Structure formats: structure tokens, C-alpha cells
Amino acid sequence: MADNFEPRIIAFVCNYCTYAGADLAGTSRLKYPANVRIVRLPCTGRISPLFLLKALQKGADGILVSGCHPGDCHFISGNYHARRRWSIFRTLLDFLGIPKERIWFSWVSASEGRKFADLITEFTENIKQLGPFTQYDKLIKEMSE
Amino acid sequence: MMQSSELTTKAKEYLRIAKVDLVIGYLEGTTKDRRRAGFIRSAEEADNLVLDERCEDNLAVYLVKENLLARYKKVAIFLNPAGIRTINVLASEEQIEADKIVILGFEITGGDVRILDGESVDDFSELIAQLKLKAFDSEQMADVDEIDSLDVDKRFEYWRGEFSKCIKCYACRQACPMCYCNRCIVECNQPQWICRSAHTLGNFEWNIVRAFHLAGRCVGCGNCERACPVDIPLMKINRKLGKEVLDRFDYFVGSSKDQQAVLTSFKQDDPQEFIL
């Protein structure tokens with residue numbers, strides 16, 4: 001099971017930094033695992049916690065949330081607001097029993113193609129170790145019974 | 001008991017001299033051990049008001065329902081410290097005008113009712129500052145710490161058990177003074193963020209969202225938990241987040257009516273040890 005498990009990873013990224021960083025990783029011909037599905041949003045401030053819940057509901061094994069470094073936000077303060085929101089939200093999820101290890105947060109700038117590729121590689125390895133996210137599966141099965 | 005009648009007499013006097021045109025207080029409930037909210041408009045009716053150790057509910061919830069405040073010039077309301085903090089939160093979120101409210105403050109400690117001095121919400125700032133100092137101490141957090149000490153799978157199982165009881169009646173929402181949105185997220189169906197039927201997955205999501213919307217806004221009045229017909233320990237989640245907000249951002253909810261909500265403000269040097 002663990003050997004051929006290919007995790008599904010959703011990355012919510014901001015348009016101005018991390019998406020451009022991912023783009024740079026591509027144009028620089030850097031290799032990173034194909035497990036990640038990137039969802040581009042205008043800003044990290046636009047990433048509602050509901051997106052993360054939906055991703056888990058629809059079978060994501062890991063979620064990456066990434067945006068501009070503090071001070072670099074295209075909209076001045078979107079990432080500062082997002083930072084507070086995430087820090088509370090991950091505490092809440094952890095308290096309710098959804099492992100912190102499945103949701104990563106990072107700052108990746110437009111020039112950090114290498115960081116993006118390394119991050120995805122490391123995250124995918126980690127999720128492979130953890131195995132599939134099954135807690136929600138149980139609930140979904142209960143639902144259809 | 002002597003003291004608590006002082007406060008109901010005060011309420012009656014306010015109505016008599018027309019200082020206020022509505023008093024929101026407590027009346028005898030349908031059974032002996034319960035109290036219900038009463039909306040008193042005349043001095044004669046005010047004789048029915050009661051105040052004792054069973055008056056636990058936070059009456060501030062009625063201030064934001066049905067646009068009640070628009071119909072009255074001044075409203076006097078019986079509030080415990082959590083209720084007083086509610087006024088601060090609602091005023092800071094521009095849901096009510098704090099100067100329309102006359103507070104009849106009381107505190108229940110160990111079965112006794114103590115009258116709190118003050119009338120406007122600002123009169124209680126010292127009291128609230130004191131509350132902040134002893135908020136979320138280890139005694140209050142014992143049951144939360146107990147859950148925290150479990151490993152993550154056990155925690156999930158614990159909450160799965162609790163949330164599986166949920167019947168999605170949304171009584172927690174209706175009883176909460178902070179849940180005043182005209183259109184709640186669970187009533188939006190394009191897109192449907194939260195599964196609507198009362199199965200455990202949808203219940204999980206609903207309770208995550210409810211708790212998150214109250215992060216940095218919950219004053220801990222306990223209305224939600226008392227309203228829950230299946231006894232889900234909602235206050236454990238609320239207290240967990242309340243402590244998190246206090247520890248991380250030094251933010252005590254409802255400290256003043258000019259306080260900006262914790263999730264709509266930021267500091268450049270907020271902690272970010274979890275971000276890679």
C-alpha cells in the first residue's frame with residue numbers, strides 16, 4: 001500500500017508570489033513530484049478556511065498554503081491577515097484531531113523557484129510516509145450507509 | 001437575595017422615570033429551576049423580574065435579533081461579566097450603539113448574586129481588565145488540556161463521537177450573540193460549502209466553521225452549550241481558541257468597545273513559527 005501510494009496534494013497559492021515561483025520552477029526545468037494540484041488565487045488573504053475543508057472533504061491527503069513573504073504582499077497586508085487566520089485555524093483543526101502534518105504553510109516568492117520545488121518534494125515525501133488521509137473517509141462512508 | 005432585589009427595583013425605577021423604554025431581564029421559567037428572558041415595558045410588569053443564581057443566560061443575544069434596538073430609544077439589560085463583554089464586541093463590530101444600552105450588571109459566584117457597579121459599558125473596563133488576568137487558568141482549562149494530551153487520532157475519535165450526536169438544529173447559532181449574520185454560511189448553497197444533512201462529516205464541518213467564526217469573538221458566556229439539545233461540549237472548543245488568541249496575540253475578547261477584532265487586524269511581528 002505504502003509503496004505505490006501517490007498522495008493527492010492541493011496547493012493554494014497566491015498569484016503574485018508563489019504561483020510565479022512555481023512558474024519559475026517550471027521554466028528553470030526543476031523537477032518536482034506531479035502529485036500537487038495548484039489552485040491559483042489573487043492573494044493568500046483570499047484563501048478561506050472553507051477551501052481547506054472542501055479539499056479535505058474531496059479527498060486531499062495534504063494541503064499546502066503558500067503566498068508572499070511578509071512585506072511583499074501585492075495588496076499590502078493580505079498575507080498578514082492570512083497569517084493570523086491560519087495560526088488559529090491550524091490550532092483548531094489540530095484540537096479536533098485533523099493532523100497538523102497534513103497542512104503546510106509557507107512563504108515562497110516569485111524568485112524562489114528552487115524553494116518551491118524543494119518544498120513540494122519534501123511535502124510529498126512526508127505525506128507518503130503518513131499515508132492517505134483516512135479520517136474523513138470514514139465519515140464519508142458513514143454518510144453513504 | 002436582598003442585594004439582587006436591589007437591581008430589579010432599579011430596573012423598575014428606570015421604567016417609571018422613563019430613563020429606558022425597555023428592560024430585558026429574567027422571569028420565572030416554565031419549570032421551577034429555569035429562568036427565561038423577559039421584555040418589560042412598564043413599571044408594573046417589572047415586579048415579575050427575578051434575579052438569582054439560575055440566571056445564567058447571556059441576554060445580550062436579543063439585542064441583535066429582529067432589529068430590536070431600532071424600536072427603542074434606550075434599553076436596560078441584565079448582564080453578567082460575559083454579557084458586558086458581549087456589548088463591547090457587538091459595539092466594536094458596529095452591530096449596536098453602546099450608548100443606547102444601560103447595563104444592570106451582576107455576577108454569580110458560588111450561588112450568590114453580586115451587583116456590579118456601573119451603567120455604561122466603559123464603567124466596567126476595570127472589571128474586565130481583572131478578568132483578563134485570571135482568564136483561562138489551569139483550573140478552567142483542565143478539560144481542554146485533557147483532550148490536548150490525547151494523540152491526534154484519539155482526539156479525532158473523541159470529536160467524531162461528540163459531533164455524531166449533532167442534529168444540525170443550529171440552536172448553538174441562534175443562542176449565540178455573535179452569530180448575527182442574516183445569511184449564515186450554512187444557508188448558502190452555491191457553492192455548498194458545508195454538507196447540509198446531519199451526518200458526521202457535515203456536522204464536523206459545521207462545528208469547525210462555527211468555532212472558527214467565533215475565534216477571537218467568543219466571550220465564553222456558554223449560551224451555545226446550554227442551548228445544545230444533545231450536550232456537545234462546545235465550550236471546550238471555544239475556550240481552546242480563546243486561550244490561543246490570548247496567548248498568541250495578547251487579545252482578550254470584549255476588552256473595550258474600540259477593540260479591533262483579532263482576525264481583522266495584525267501586527268507585522270506576529271508569530272509565524274509554523275510557516276516554512
# chains A, B, ... in the order shown; residues from 1 in each chain; ligands from 1
>>> interface_residues(of="chain A", to="chain B", cutoff="9 Å", atoms="only C-alpha atoms", output="PyMOL selection string")
chain A and resi 49-51+53-54+57+66+70-71+77+80-85+87-89+91-99+104-108+119+135-136+138-140+142-143
>>> residues_around(residues="range 9-13 of chain A", least_positions_apart="6", cutoff="6 Å", atoms="only C-alpha atoms", output="list in words")
Tyr19, Asn35, Val36, Arg37, Ile38, Val39, Arg40, Ala60, Asp61, Gly62, Ile63, Leu64, Val65, Ser66 and Gly67 of chain A
>>> write_last_selection(atoms="N, CA, C and O atoms", output="PDB file, in the first residue's frame")
ATOM      1  N   TYR A  19       2.717  31.493  -7.042  1.00  0.00           N
ATOM      2  CA  TYR A  19       2.401  30.977  -8.379  1.00  0.00           C
ATOM      3  C   TYR A  19       3.526  31.307  -9.344  1.00  0.00           C
ATOM      4  O   TYR A  19       3.949  30.467 -10.158  1.00  0.00           O
ATOM      5  N   ASN A  35       2.379  15.177  -7.882  1.00  0.00           N
ATOM      6  CA  ASN A  35       1.230  14.943  -7.010  1.00  0.00           C
ATOM      7  C   ASN A  35       0.474  16.215  -6.666  1.00  0.00           C
ATOM      8  O   ASN A  35      -0.627  16.155  -6.139  1.00  0.00           O
ATOM      9  N   VAL A  36       1.092  17.328  -6.932  1.00  0.00           N
ATOM     10  CA  VAL A  36       0.489  18.577  -6.475  1.00  0.00           C
ATOM     11  C   VAL A  36      -0.431  19.187  -7.543  1.00  0.00           C
ATOM     12  O   VAL A  36      -0.103  19.206  -8.721  1.00  0.00           O
ATOM     13  N   ARG A  37      -1.602  19.599  -7.098  1.00  0.00           N
ATOM     14  CA  ARG A  37      -2.524  20.356  -7.952  1.00  0.00           C
ATOM     15  C   ARG A  37      -2.542  21.778  -7.428  1.00  0.00           C
ATOM     16  O   ARG A  37      -2.897  22.005  -6.278  1.00  0.00           O
ATOM     17  N   ILE A  38      -2.185  22.698  -8.299  1.00  0.00           N
ATOM     18  CA  ILE A  38      -2.075  24.074  -7.837  1.00  0.00           C
ATOM     19  C   ILE A  38      -3.372  24.835  -8.109  1.00  0.00           C
ATOM     20  O   ILE A  38      -3.917  24.783  -9.209  1.00  0.00           O
ATOM     21  N   VAL A  39      -3.858  25.506  -7.090  1.00  0.00           N
ATOM     22  CA  VAL A  39      -5.024  26.380  -7.255  1.00  0.00           C
ATOM     23  C   VAL A  39      -4.532  27.805  -7.051  1.00  0.00           C
ATOM     24  O   VAL A  39      -4.014  28.150  -5.989  1.00  0.00           O
ATOM     25  N   ARG A  40      -4.687  28.612  -8.087  1.00  0.00           N
ATOM     26  CA  ARG A  40      -4.159  29.973  -8.022  1.00  0.00           C
ATOM     27  C   ARG A  40      -5.237  30.938  -7.543  1.00  0.00           C
ATOM     28  O   ARG A  40      -6.352  30.945  -8.073  1.00  0.00           O
ATOM     29  N   ALA A  60      -8.303  15.217  -0.475  1.00  0.00           N
ATOM     30  CA  ALA A  60      -6.896  15.619  -0.459  1.00  0.00           C
ATOM     31  C   ALA A  60      -6.182  14.919   0.688  1.00  0.00           C
ATOM     32  O   ALA A  60      -6.744  14.736   1.756  1.00  0.00           O
ATOM     33  N   ASP A  61      -4.935  14.515   0.438  1.00  0.00           N
ATOM     34  CA  ASP A  61      -4.145  13.902   1.501  1.00  0.00           C
ATOM     35  C   ASP A  61      -3.252  14.928   2.181  1.00  0.00           C
ATOM     36  O   ASP A  61      -2.815  14.747   3.310  1.00  0.00           O
ATOM     37  N   GLY A  62      -2.984  15.993   1.458  1.00  0.00           N
ATOM     38  CA  GLY A  62      -2.168  17.061   2.028  1.00  0.00           C
ATOM     39  C   GLY A  62      -2.540  18.381   1.388  1.00  0.00           C
ATOM     40  O   GLY A  62      -3.002  18.415   0.242  1.00  0.00           O
ATOM     41  N   ILE A  63      -2.361  19.450   2.152  1.00  0.00           N
ATOM     42  CA  ILE A  63      -2.681  20.773   1.623  1.00  0.00           C
ATOM     43  C   ILE A  63      -1.510  21.705   1.892  1.00  0.00           C
ATOM     44  O   ILE A  63      -0.965  21.729   3.001  1.00  0.00           O
ATOM     45  N   LEU A  64      -1.138  22.431   0.861  1.00  0.00           N
ATOM     46  CA  LEU A  64      -0.108  23.448   1.027  1.00  0.00           C
ATOM     47  C   LEU A  64      -0.753  24.811   0.807  1.00  0.00           C
ATOM     48  O   LEU A  64      -1.492  24.990  -0.173  1.00  0.00           O
ATOM     49  N   VAL A  65      -0.481  25.717   1.704  1.00  0.00           N
ATOM     50  CA  VAL A  65      -0.959  27.089   1.529  1.00  0.00           C
ATOM     51  C   VAL A  65       0.276  27.957   1.463  1.00  0.00           C
ATOM     52  O   VAL A  65       1.137  27.884   2.340  1.00  0.00           O
ATOM     53  N   SER A  66       0.390  28.735   0.396  1.00  0.00           N
ATOM     54  CA  SER A  66       1.623  29.483   0.237  1.00  0.00           C
ATOM     55  C   SER A  66       1.381  30.840  -0.405  1.00  0.00           C
ATOM     56  O   SER A  66       0.536  30.991  -1.279  1.00  0.00           O
ATOM     57  N   GLY A  67       2.154  31.816   0.041  1.00  0.00           N
ATOM     58  CA  GLY A  67       1.998  33.166  -0.509  1.00  0.00           C
ATOM     59  C   GLY A  67       3.263  33.974  -0.370  1.00  0.00           C
ATOM     60  O   GLY A  67       4.351  33.425  -0.167  1.00  0.00           O
TER      61      GLY A  67
END
>>> residues_around(residues="range 20-34 of chain B", least_positions_apart="5", cutoff="12 Å", atoms="only C-alpha atoms", output="ChimeraX atom specification")
/B:4,7-15,39-43,45-63,68-80,99-106,226
>>> atom_distance(atom1="CA of Arg35 in chain B", atom2="CA of Gln174 in chain B")
17.6 Å
>>> select_by_dssp(residues="chain A", states="helix (DSSP H, G or I)", output="JSON, numbers by chain")
{"A": [18, 19, 20, 21, 22, 23, 24, 25, 26, 27, 44, 45, 46, 49, 50, 51, 52, 53, 54, 55, 56, 57, 78, 79, 80, 81, 82, 83, 84, 85, 86, 87, 88, 89, 90, 91, 92, 93, 94, 95, 96, 100, 101, 102, 113, 114, 115, 116, 117, 118, 119, 120, 121, 122, 123, 124, 125, 126, 127, 128, 129, 130, 135, 136, 137, 138, 139, 140, 141, 142, 143, 144]}
>>> residues_around(residues="range 230-232 of chain B", least_positions_apart="6", cutoff="8 Å", atoms="only C-alpha atoms", output="list in words")
Glu162, Phe163, Lys165 and Cys166 of chain B
>>> closest_residue(among="B:Cys172, B:Val113, B:Cys188, B:Val253", to="Gly83 in chain B", atoms="only C-alpha atoms")
B:Val253
>>> closest_residue(among="A:Ser48, A:Ala110, A:Glu101, A:Tyr16", to="Ile76 in chain A", atoms="only C-alpha atoms")
A:Tyr16
>>> decode(residues="range 236-251 of chain B", atoms="all heavy atoms", output="PDB file, in the first residue's frame")
ATOM      1  N   LYS B 236     -15.604  23.696  25.176  1.00  0.00           N
ATOM      2  CA  LYS B 236     -14.218  23.223  25.168  1.00  0.00           C
ATOM      3  C   LYS B 236     -13.480  23.802  23.960  1.00  0.00           C
ATOM      4  O   LYS B 236     -12.334  24.216  24.059  1.00  0.00           O
ATOM      5  CB  LYS B 236     -14.166  21.687  25.111  1.00  0.00           C
ATOM      6  CG  LYS B 236     -14.537  21.029  26.424  1.00  0.00           C
ATOM      7  CD  LYS B 236     -14.341  19.526  26.345  1.00  0.00           C
ATOM      8  CE  LYS B 236     -14.909  18.847  27.581  1.00  0.00           C
ATOM      9  NZ  LYS B 236     -14.920  17.391  27.468  1.00  0.00           N
ATOM     10  N   ILE B 237     -14.157  23.790  22.828  1.00  0.00           N
ATOM     11  CA  ILE B 237     -13.532  24.325  21.611  1.00  0.00           C
ATOM     12  C   ILE B 237     -13.374  25.836  21.741  1.00  0.00           C
ATOM     13  O   ILE B 237     -12.335  26.405  21.424  1.00  0.00           O
ATOM     14  CB  ILE B 237     -14.373  23.991  20.368  1.00  0.00           C
ATOM     15  CG1 ILE B 237     -14.727  22.513  20.342  1.00  0.00           C
ATOM     16  CG2 ILE B 237     -13.637  24.389  19.105  1.00  0.00           C
ATOM     17  CD1 ILE B 237     -15.692  22.137  19.242  1.00  0.00           C
ATOM     18  N   ASN B 238     -14.421  26.489  22.218  1.00  0.00           N
ATOM     19  CA  ASN B 238     -14.372  27.948  22.332  1.00  0.00           C
ATOM     20  C   ASN B 238     -13.279  28.404  23.296  1.00  0.00           C
ATOM     21  O   ASN B 238     -12.586  29.386  23.050  1.00  0.00           O
ATOM     22  CB  ASN B 238     -15.719  28.482  22.813  1.00  0.00           C
ATOM     23  CG  ASN B 238     -16.807  28.293  21.768  1.00  0.00           C
ATOM     24  OD1 ASN B 238     -16.528  28.044  20.600  1.00  0.00           O
ATOM     25  ND2 ASN B 238     -18.050  28.389  22.191  1.00  0.00           N
ATOM     26  N   ARG B 239     -13.145  27.660  24.407  1.00  0.00           N
ATOM     27  CA  ARG B 239     -12.119  28.040  25.384  1.00  0.00           C
ATOM     28  C   ARG B 239     -10.724  27.800  24.828  1.00  0.00           C
ATOM     29  O   ARG B 239      -9.812  28.585  25.042  1.00  0.00           O
ATOM     30  CB  ARG B 239     -12.324  27.280  26.688  1.00  0.00           C
ATOM     31  CG  ARG B 239     -13.089  28.105  27.712  1.00  0.00           C
ATOM     32  CD  ARG B 239     -13.226  27.387  29.029  1.00  0.00           C
ATOM     33  NE  ARG B 239     -14.255  26.366  28.925  1.00  0.00           N
ATOM     34  CZ  ARG B 239     -14.108  25.116  29.326  1.00  0.00           C
ATOM     35  NH1 ARG B 239     -12.980  24.726  29.869  1.00  0.00           N
ATOM     36  NH2 ARG B 239     -15.090  24.270  29.192  1.00  0.00           N
ATOM     37  N   LYS B 240     -10.593  26.692  24.085  1.00  0.00           N
ATOM     38  CA  LYS B 240      -9.298  26.400  23.467  1.00  0.00           C
ATOM     39  C   LYS B 240      -8.860  27.566  22.576  1.00  0.00           C
ATOM     40  O   LYS B 240      -7.726  28.030  22.661  1.00  0.00           O
ATOM     41  CB  LYS B 240      -9.417  25.104  22.643  1.00  0.00           C
ATOM     42  CG  LYS B 240      -8.251  24.795  21.745  1.00  0.00           C
ATOM     43  CD  LYS B 240      -7.074  24.269  22.513  1.00  0.00           C
ATOM     44  CE  LYS B 240      -5.868  24.139  21.602  1.00  0.00           C
ATOM     45  NZ  LYS B 240      -4.669  23.769  22.351  1.00  0.00           N
ATOM     46  N   LEU B 241      -9.771  28.030  21.741  1.00  0.00           N
ATOM     47  CA  LEU B 241      -9.420  29.120  20.831  1.00  0.00           C
ATOM     48  C   LEU B 241      -9.268  30.449  21.575  1.00  0.00           C
ATOM     49  O   LEU B 241      -8.428  31.270  21.221  1.00  0.00           O
ATOM     50  CB  LEU B 241     -10.464  29.246  19.720  1.00  0.00           C
ATOM     51  CG  LEU B 241     -10.519  28.070  18.742  1.00  0.00           C
ATOM     52  CD1 LEU B 241     -11.443  28.397  17.588  1.00  0.00           C
ATOM     53  CD2 LEU B 241      -9.148  27.713  18.203  1.00  0.00           C
ATOM     54  N   GLY B 242     -10.076  30.634  22.612  1.00  0.00           N
ATOM     55  CA  GLY B 242      -9.958  31.857  23.410  1.00  0.00           C
ATOM     56  C   GLY B 242      -8.577  31.973  24.040  1.00  0.00           C
ATOM     57  O   GLY B 242      -7.954  33.032  24.039  1.00  0.00           O
ATOM     58  N   LYS B 243      -8.103  30.852  24.541  1.00  0.00           N
ATOM     59  CA  LYS B 243      -6.780  30.848  25.163  1.00  0.00           C
ATOM     60  C   LYS B 243      -5.691  31.059  24.117  1.00  0.00           C
ATOM     61  O   LYS B 243      -4.740  31.791  24.341  1.00  0.00           O
ATOM     62  CB  LYS B 243      -6.550  29.518  25.895  1.00  0.00           C
ATOM     63  CG  LYS B 243      -5.247  29.471  26.668  1.00  0.00           C
ATOM     64  CD  LYS B 243      -5.186  28.246  27.544  1.00  0.00           C
ATOM     65  CE  LYS B 243      -4.068  28.284  28.566  1.00  0.00           C
ATOM     66  NZ  LYS B 243      -2.749  28.554  28.068  1.00  0.00           N
ATOM     67  N   GLU B 244      -5.883  30.425  22.971  1.00  0.00           N
ATOM     68  CA  GLU B 244      -4.914  30.569  21.874  1.00  0.00           C
ATOM     69  C   GLU B 244      -4.759  32.054  21.487  1.00  0.00           C
ATOM     70  O   GLU B 244      -3.655  32.550  21.313  1.00  0.00           O
ATOM     71  CB  GLU B 244      -5.406  29.747  20.674  1.00  0.00           C
ATOM     72  CG  GLU B 244      -4.541  29.824  19.435  1.00  0.00           C
ATOM     73  CD  GLU B 244      -3.276  28.994  19.543  1.00  0.00           C
ATOM     74  OE1 GLU B 244      -3.142  28.260  20.552  1.00  0.00           O
ATOM     75  OE2 GLU B 244      -2.426  29.106  18.649  1.00  0.00           O
ATOM     76  N   VAL B 245      -5.904  32.709  21.367  1.00  0.00           N
ATOM     77  CA  VAL B 245      -5.895  34.115  20.964  1.00  0.00           C
ATOM     78  C   VAL B 245      -5.234  34.979  22.045  1.00  0.00           C
ATOM     79  O   VAL B 245      -4.472  35.904  21.752  1.00  0.00           O
ATOM     80  CB  VAL B 245      -7.354  34.575  20.695  1.00  0.00           C
ATOM     81  CG1 VAL B 245      -7.440  36.072  20.593  1.00  0.00           C
ATOM     82  CG2 VAL B 245      -7.880  33.934  19.436  1.00  0.00           C
ATOM     83  N   LEU B 246      -5.495  34.644  23.288  1.00  0.00           N
ATOM     84  CA  LEU B 246      -4.893  35.404  24.392  1.00  0.00           C
ATOM     85  C   LEU B 246      -3.378  35.175  24.452  1.00  0.00           C
ATOM     86  O   LEU B 246      -2.601  36.114  24.542  1.00  0.00           O
ATOM     87  CB  LEU B 246      -5.548  34.989  25.718  1.00  0.00           C
ATOM     88  CG  LEU B 246      -5.091  35.744  26.964  1.00  0.00           C
ATOM     89  CD1 LEU B 246      -5.439  37.219  26.880  1.00  0.00           C
ATOM     90  CD2 LEU B 246      -5.702  35.140  28.218  1.00  0.00           C
ATOM     91  N   ASP B 247      -2.978  33.909  24.349  1.00  0.00           N
ATOM     92  CA  ASP B 247      -1.551  33.599  24.442  1.00  0.00           C
ATOM     93  C   ASP B 247      -0.769  34.141  23.261  1.00  0.00           C
ATOM     94  O   ASP B 247       0.331  34.651  23.406  1.00  0.00           O
ATOM     95  CB  ASP B 247      -1.337  32.076  24.498  1.00  0.00           C
ATOM     96  CG  ASP B 247      -1.827  31.490  25.812  1.00  0.00           C
ATOM     97  OD1 ASP B 247      -2.167  32.291  26.705  1.00  0.00           O
ATOM     98  OD2 ASP B 247      -1.890  30.259  25.929  1.00  0.00           O
ATOM     99  N   ARG B 248      -1.347  34.004  22.090  1.00  0.00           N
ATOM    100  CA  ARG B 248      -0.599  34.331  20.878  1.00  0.00           C
ATOM    101  C   ARG B 248      -0.608  35.809  20.546  1.00  0.00           C
ATOM    102  O   ARG B 248       0.380  36.361  20.089  1.00  0.00           O
ATOM    103  CB  ARG B 248      -1.200  33.559  19.699  1.00  0.00           C
ATOM    104  CG  ARG B 248      -0.268  32.528  19.130  1.00  0.00           C
ATOM    105  CD  ARG B 248      -0.923  31.816  18.001  1.00  0.00           C
ATOM    106  NE  ARG B 248      -0.076  31.865  16.823  1.00  0.00           N
ATOM    107  CZ  ARG B 248       0.995  31.107  16.638  1.00  0.00           C
ATOM    108  NH1 ARG B 248       1.343  30.246  17.542  1.00  0.00           N
ATOM    109  NH2 ARG B 248       1.718  31.205  15.547  1.00  0.00           N
ATOM    110  N   PHE B 249      -1.775  36.426  20.759  1.00  0.00           N
ATOM    111  CA  PHE B 249      -1.905  37.821  20.326  1.00  0.00           C
ATOM    112  C   PHE B 249      -2.212  38.769  21.485  1.00  0.00           C
ATOM    113  O   PHE B 249      -2.535  39.927  21.262  1.00  0.00           O
ATOM    114  CB  PHE B 249      -2.991  37.932  19.246  1.00  0.00           C
ATOM    115  CG  PHE B 249      -2.790  36.992  18.088  1.00  0.00           C
ATOM    116  CD1 PHE B 249      -3.694  35.991  17.819  1.00  0.00           C
ATOM    117  CD2 PHE B 249      -1.673  37.126  17.273  1.00  0.00           C
ATOM    118  CE1 PHE B 249      -3.508  35.119  16.756  1.00  0.00           C
ATOM    119  CE2 PHE B 249      -1.471  36.260  16.201  1.00  0.00           C
ATOM    120  CZ  PHE B 249      -2.384  35.252  15.941  1.00  0.00           C
ATOM    121  N   ASP B 250      -2.122  38.255  22.722  1.00  0.00           N
ATOM    122  CA  ASP B 250      -2.438  39.050  23.904  1.00  0.00           C
ATOM    123  C   ASP B 250      -3.782  39.757  23.730  1.00  0.00           C
ATOM    124  O   ASP B 250      -3.926  40.940  23.998  1.00  0.00           O
ATOM    125  CB  ASP B 250      -1.325  40.081  24.178  1.00  0.00           C
ATOM    126  CG  ASP B 250      -1.531  40.768  25.522  1.00  0.00           C
ATOM    127  OD1 ASP B 250      -2.095  40.127  26.430  1.00  0.00           O
ATOM    128  OD2 ASP B 250      -1.163  41.955  25.643  1.00  0.00           O
ATOM    129  N   TYR B 251      -4.756  39.007  23.276  1.00  0.00           N
ATOM    130  CA  TYR B 251      -6.042  39.591  22.926  1.00  0.00           C
ATOM    131  C   TYR B 251      -7.122  38.988  23.809  1.00  0.00           C
ATOM    132  O   TYR B 251      -7.368  37.781  23.767  1.00  0.00           O
ATOM    133  CB  TYR B 251      -6.327  39.297  21.450  1.00  0.00           C
ATOM    134  CG  TYR B 251      -7.565  39.964  20.891  1.00  0.00           C
ATOM    135  CD1 TYR B 251      -7.479  41.175  20.223  1.00  0.00           C
ATOM    136  CD2 TYR B 251      -8.816  39.368  21.026  1.00  0.00           C
ATOM    137  CE1 TYR B 251      -8.608  41.781  19.706  1.00  0.00           C
ATOM    138  CE2 TYR B 251      -9.945  39.971  20.514  1.00  0.00           C
ATOM    139  CZ  TYR B 251      -9.833  41.167  19.848  1.00  0.00           C
ATOM    140  OH  TYR B 251     -10.950  41.762  19.333  1.00  0.00           O
TER     141      TYR B 251
END
